[in-house]
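Quick notes on the structure that follows.
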Amino acid sequence: MADHSFSDGVPSDAVEAAKNASNTEKLTDQVMQNPRVLAALQERLDNVPHTPSSYIETLPKAVKRRINALKQLQVRCAHIEAKFYEEVHDLERKYAALYQPLFDKRREFITGDVEPTDAESEWHSENEEEEKLAGDMKNKVVITEKEAATAEEPNPKGIPEFWFTIFRNVDMLSELVQEYDEPILKHLQDIKVKFSDPGQPMSFVLEFHFEPNDYFTNSVLTKTYKMKSEPDKADPFSFEGPEIVDCDGCTIDWKKGKNVTVKTIKKKQKHKGRGTVRTITKQVPNESFFNFFNPLKASGDGESLDEDSEFTLASDFEIGHFFRERIVPRAVLYFTGEAIEDDDNFEEGEEGEEEELEGDEEGEDEDDAEINPKKEPSQPAECKQQ
């Protein structure tokens with residue numbers, strides 16, 4: 001039997017526990033009064049990462065409940081925002097009809113089917129004074145020399161190689177063009193954007209119009225970009241507006257021996273038994289801009305794409321968006337290079353501002369985003385969709 005001793009009616013083990021607790025409390029007080037210990041504890045606390053999620057975890061359940069209610073409101077806001085973008089798409093379609101006659105006239109001037117009048121050709125540039133001075137100097141030239149120079153000056157039809165020049169000027173496009181693509185692109189007469197009809201899933205079509213040529217029989221090559229403008233059920237807070245989710249190309253009807261998207265190679269094969277060698281020819285894919293019309297398909301069966309495929313698809317979407325938002329609406333400025341200079345200046349301004357903000361933590365960010373709904377619809381699409 002255990003021996004329980006008592007002191008004044010109190011068990012001895014209880015007395016011992018009380019003494020230990022008292023000693024521990026005294027020791028804790030002594031430690032906490034040590035400046036070195038306090039400094040070490042403070043440093044450790046400072047190094048603990050304070051993330052928003054860690055803060056949320058510390059909140060009472062009642063507050064968390066209210067936060068969940070705010071998230072539900074945010075999801076509803078995202079759905080309203082999706083409706084807003086659907087109406088923006090409708091507006092783009094409406095205004096595309098207003099731009100259409102201007103883009104039609106642009107094509108006529110480019111192809112030379114119509115010659116602009118003097119009034120249509122008049123343009124006052126920023127360097128008008130310099131040009132006037134240069135004109136005055138030219139007027140001092142002997143009339144006979146002036147007439148001779150005018151007689152020798154060529155007058156080609158329309159604006160030769162208009163769209164091909166844009167491809168060369170824009171880095172994003174020139175990187176896609178191979179040397180053997182160039183003579184084909186010189187036959188490109190127009191690029192149009194066509195929006196999906198009312199009530200149809202959101203999408204847009206790029207139409208590349210070619211004059212008759214020695215390479216393929218299609219008069220129009222198309223690329224369709226499918227879009228989604230609704231919050232993802234799994235991640236509704238990631239919604240930031242319409243996004244391209246897939247694209248379809250078309251079949252190019254190449255003339256015999258003119259398909260630049262494939263190349264023929266010769267390969268030697270050795271017979272295992274007899275040891276004889278034979279040479280075979282086979283076609284393999286070839287780098288070309290015209291692979292643009294045979295795009296990689298987005299995975300629709302739940303399987304994820306590999307990293308290279310995802311990058312290729314993202315690049316394709318970016319190019320399609322750039323054609324729609326920049327190239328087609330502002331074609332003449334990319335032909336002259338003015339739009340490219342504007343883009344470069346804007347990028348330099350951003351970098352300069354970034355450097356300035358790094359030296360000044362009080363700096364404010366500016367939002368320079370701009371919506372440019374200048375598009376056009378068009379009906380002809382004569383290549384077969386894949």
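Quick note on naming: the chains in the structure tokens go A, B, ... in the order shown, residues restart at 1 in each chain, and ligands are numbered from 1 in order of appearance.
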
Which residues are close to Glu182 in chain A, i.e. within 12 Å by only C-alpha atoms, leaving aside same-chain residues fewer than 6 positions away? Reply as a list in words.
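Counting only the stated atoms, we get Glu161, Trp163, Phe164, Thr165, Ile166, Phe167, Arg168, Leu173, Ser174, Leu176, Leu188, Tyr215, Val260, Ser288, Phe289 and Phe290 of chain A.
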
Please produce a file of those selected residues containing all heavy atoms, as a tab-separated table (two decimals), in the first residue's frame.
```tsv
chain	number	residue	atom	x	y	z
A	161	GLU	N	3.10	45.09	-101.74
A	161	GLU	CA	3.58	44.33	-100.58
A	161	GLU	C	3.18	44.98	-99.25
A	161	GLU	O	3.93	44.96	-98.27
A	161	GLU	CB	5.09	44.14	-100.65
A	161	GLU	CG	5.55	43.45	-101.91
A	161	GLU	CD	7.05	43.29	-102.01
A	161	GLU	OE1	7.76	43.68	-101.05
A	161	GLU	OE2	7.54	42.80	-103.04
A	163	TRP	N	0.80	44.26	-96.84
A	163	TRP	CA	0.68	43.39	-95.67
A	163	TRP	C	1.97	42.64	-95.40
A	163	TRP	O	2.33	42.41	-94.24
A	163	TRP	CB	-0.49	42.42	-95.86
A	163	TRP	CG	-1.82	43.11	-95.83
A	163	TRP	CD1	-2.59	43.46	-96.91
A	163	TRP	CD2	-2.53	43.56	-94.68
A	163	TRP	NE1	-3.73	44.10	-96.49
A	163	TRP	CE2	-3.72	44.17	-95.13
A	163	TRP	CE3	-2.28	43.50	-93.31
A	163	TRP	CZ2	-4.67	44.72	-94.26
A	163	TRP	CZ3	-3.23	44.05	-92.43
A	163	TRP	CH2	-4.39	44.66	-92.90
A	164	PHE	N	2.67	42.27	-96.44
A	164	PHE	CA	3.96	41.60	-96.25
A	164	PHE	C	4.94	42.51	-95.50
A	164	PHE	O	5.71	42.06	-94.65
A	164	PHE	CB	4.54	41.18	-97.61
A	164	PHE	CG	5.94	40.66	-97.52
A	164	PHE	CD1	6.25	39.54	-96.78
A	164	PHE	CD2	6.98	41.31	-98.18
A	164	PHE	CE1	7.56	39.06	-96.69
A	164	PHE	CE2	8.28	40.84	-98.10
A	164	PHE	CZ	8.57	39.72	-97.36
A	165	THR	N	4.91	43.80	-95.81
A	165	THR	CA	5.77	44.76	-95.11
A	165	THR	C	5.42	44.82	-93.63
A	165	THR	O	6.31	44.93	-92.77
A	165	THR	CB	5.64	46.15	-95.75
A	165	THR	OG1	6.00	46.08	-97.13
A	165	THR	CG2	6.53	47.16	-95.04
A	166	ILE	N	4.14	44.74	-93.31
A	166	ILE	CA	3.72	44.72	-91.90
A	166	ILE	C	4.29	43.49	-91.20
A	166	ILE	O	4.79	43.57	-90.07
A	166	ILE	CB	2.19	44.75	-91.80
A	166	ILE	CG1	1.65	46.09	-92.31
A	166	ILE	CG2	1.73	44.48	-90.37
A	166	ILE	CD1	0.14	46.19	-92.36
A	167	PHE	N	4.24	42.35	-91.87
A	167	PHE	CA	4.81	41.13	-91.30
A	167	PHE	C	6.29	41.32	-91.01
A	167	PHE	O	6.80	40.87	-89.98
A	167	PHE	CB	4.62	39.95	-92.26
A	167	PHE	CG	3.32	39.22	-92.09
A	167	PHE	CD1	2.12	39.80	-92.50
A	167	PHE	CD2	3.28	37.96	-91.52
A	167	PHE	CE1	0.92	39.13	-92.34
A	167	PHE	CE2	2.09	37.28	-91.36
A	167	PHE	CZ	0.90	37.87	-91.77
A	168	ARG	N	7.00	41.98	-91.91
A	168	ARG	CA	8.44	42.20	-91.69
A	168	ARG	C	8.70	43.19	-90.56
A	168	ARG	O	9.69	43.07	-89.83
A	168	ARG	CB	9.09	42.70	-92.98
A	168	ARG	CG	9.24	41.64	-94.05
A	168	ARG	CD	10.11	42.12	-95.19
A	168	ARG	NE	9.63	43.39	-95.75
A	168	ARG	CZ	10.18	44.00	-96.79
A	168	ARG	NH1	11.23	43.46	-97.38
A	168	ARG	NH2	9.70	45.13	-97.26
A	173	LEU	N	5.45	38.78	-85.72
A	173	LEU	CA	5.07	38.11	-86.96
A	173	LEU	C	6.30	37.70	-87.77
A	173	LEU	O	6.32	36.61	-88.36
A	173	LEU	CB	4.18	39.03	-87.80
A	173	LEU	CG	2.90	39.53	-87.11
A	173	LEU	CD1	2.09	40.39	-88.07
A	173	LEU	CD2	2.06	38.36	-86.61
A	174	SER	N	7.30	38.54	-87.82
A	174	SER	CA	8.49	38.23	-88.62
A	174	SER	C	9.19	36.97	-88.13
A	174	SER	O	9.82	36.26	-88.91
A	174	SER	CB	9.46	39.41	-88.62
A	174	SER	OG	9.96	39.66	-87.32
A	176	LEU	N	7.81	34.32	-87.32
A	176	LEU	CA	7.09	33.16	-87.85
A	176	LEU	C	7.38	32.93	-89.34
A	176	LEU	O	7.14	31.84	-89.86
A	176	LEU	CB	5.58	33.33	-87.66
A	176	LEU	CG	5.07	33.57	-86.24
A	176	LEU	CD1	3.57	33.82	-86.28
A	176	LEU	CD2	5.39	32.39	-85.34
A	188	LEU	N	-0.80	38.50	-100.33
A	188	LEU	CA	-1.83	38.80	-99.33
A	188	LEU	C	-2.39	40.20	-99.59
A	188	LEU	O	-1.66	41.18	-99.63
A	188	LEU	CB	-1.22	38.71	-97.92
A	188	LEU	CG	-2.15	38.99	-96.74
A	188	LEU	CD1	-3.32	38.01	-96.73
A	188	LEU	CD2	-1.37	38.90	-95.43
A	215	TYR	N	0.62	29.04	-105.46
A	215	TYR	CA	0.91	28.19	-104.30
A	215	TYR	C	-0.31	27.41	-103.80
A	215	TYR	O	-0.19	26.23	-103.45
A	215	TYR	CB	1.48	29.05	-103.17
A	215	TYR	CG	2.79	29.68	-103.56
A	215	TYR	CD1	2.83	30.95	-104.16
A	215	TYR	CD2	3.99	29.02	-103.38
A	215	TYR	CE1	4.02	31.52	-104.55
A	215	TYR	CE2	5.20	29.58	-103.75
A	215	TYR	CZ	5.21	30.84	-104.34
A	215	TYR	OH	6.40	31.40	-104.73
A	260	VAL	N	4.66	24.53	-98.42
A	260	VAL	CA	5.86	24.92	-97.67
A	260	VAL	C	5.82	24.44	-96.22
A	260	VAL	O	6.79	24.63	-95.48
A	260	VAL	CB	6.05	26.46	-97.70
A	260	VAL	CG1	6.33	26.93	-99.11
A	260	VAL	CG2	4.84	27.17	-97.10
A	288	SER	N	7.01	27.07	-90.90
A	288	SER	CA	6.41	27.99	-91.86
A	288	SER	C	5.34	28.81	-91.16
A	288	SER	O	4.67	28.33	-90.22
A	288	SER	CB	5.77	27.21	-93.02
A	288	SER	OG	4.94	28.06	-93.81
A	289	PHE	N	5.13	30.04	-91.62
A	289	PHE	CA	4.02	30.84	-91.09
A	289	PHE	C	2.71	30.13	-91.32
A	289	PHE	O	1.77	30.25	-90.52
A	289	PHE	CB	3.98	32.22	-91.75
A	289	PHE	CG	2.67	32.93	-91.53
A	289	PHE	CD1	2.35	33.47	-90.30
A	289	PHE	CD2	1.73	33.01	-92.56
A	289	PHE	CE1	1.12	34.08	-90.09
A	289	PHE	CE2	0.51	33.63	-92.35
A	289	PHE	CZ	0.20	34.16	-91.12
A	290	PHE	N	2.60	29.38	-92.41
A	290	PHE	CA	1.31	28.79	-92.77
A	290	PHE	C	0.92	27.63	-91.88
A	290	PHE	O	-0.20	27.11	-91.98
A	290	PHE	CB	1.33	28.42	-94.26
A	290	PHE	CG	1.33	29.63	-95.14
A	290	PHE	CD1	2.53	30.20	-95.56
A	290	PHE	CD2	0.15	30.26	-95.48
A	290	PHE	CE1	2.55	31.34	-96.34
A	290	PHE	CE2	0.16	31.41	-96.27
A	290	PHE	CZ	1.36	31.96	-96.68
```

Spatial neighbours of range 197-203 of chain A, max dist 10 Å, only C-alpha atoms, sep filter under 3 positions, as a list in words:
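The filter keeps Glu86, His89, Asp90, Arg93, Lys194, Thr224, Tyr225, Lys226, Met227, Lys228, Ser229, Pro242, Glu243, Ile244, Val245, Asp246, Cys247 and Pro377 of chain A.
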
Range 241-351 of chain A: which residues are alpha helix (DSSP H) by DSSP, as a VMD selection string?
chain A and resid 307 to 322 331 to 336 338 to 351

Which residues in range 50-237 of chain A does DSSP call strand (DSSP E)? List them as an MDAnalysis selection string.
chainID A and resid 188:195 203:210 220:228

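The smallest atom-to-atom distance between Gly337 in chain A and any of A:Asn169, A:Ser54, A:Asn291, A:Asn155, using only C-alpha atoms, is found for A:Asn169.
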
Ser121 in chain A environment, 12 Å, only C-alpha atoms, sequence neighbours closer than 5 positions dropped, as a PDB file with N, CA and C atoms, in the first residue's frame:
```pdb
ATOM      1  N   PHE A 109      -7.578  50.912-102.066  1.00  0.00           N
ATOM      2  CA  PHE A 109      -6.383  51.735-102.266  1.00  0.00           C
ATOM      3  C   PHE A 109      -5.122  50.875-102.293  1.00  0.00           C
ATOM      4  N   GLU A 115      -8.120  54.651-107.197  1.00  0.00           N
ATOM      5  CA  GLU A 115      -7.090  55.654-106.934  1.00  0.00           C
ATOM      6  C   GLU A 115      -7.696  56.752-106.042  1.00  0.00           C
ATOM      7  N   PRO A 116      -7.063  57.070-104.892  1.00  0.00           N
ATOM      8  CA  PRO A 116      -7.625  58.113-104.021  1.00  0.00           C
ATOM      9  C   PRO A 116      -7.618  59.468-104.697  1.00  0.00           C
TER      10      PRO A 116
END
```
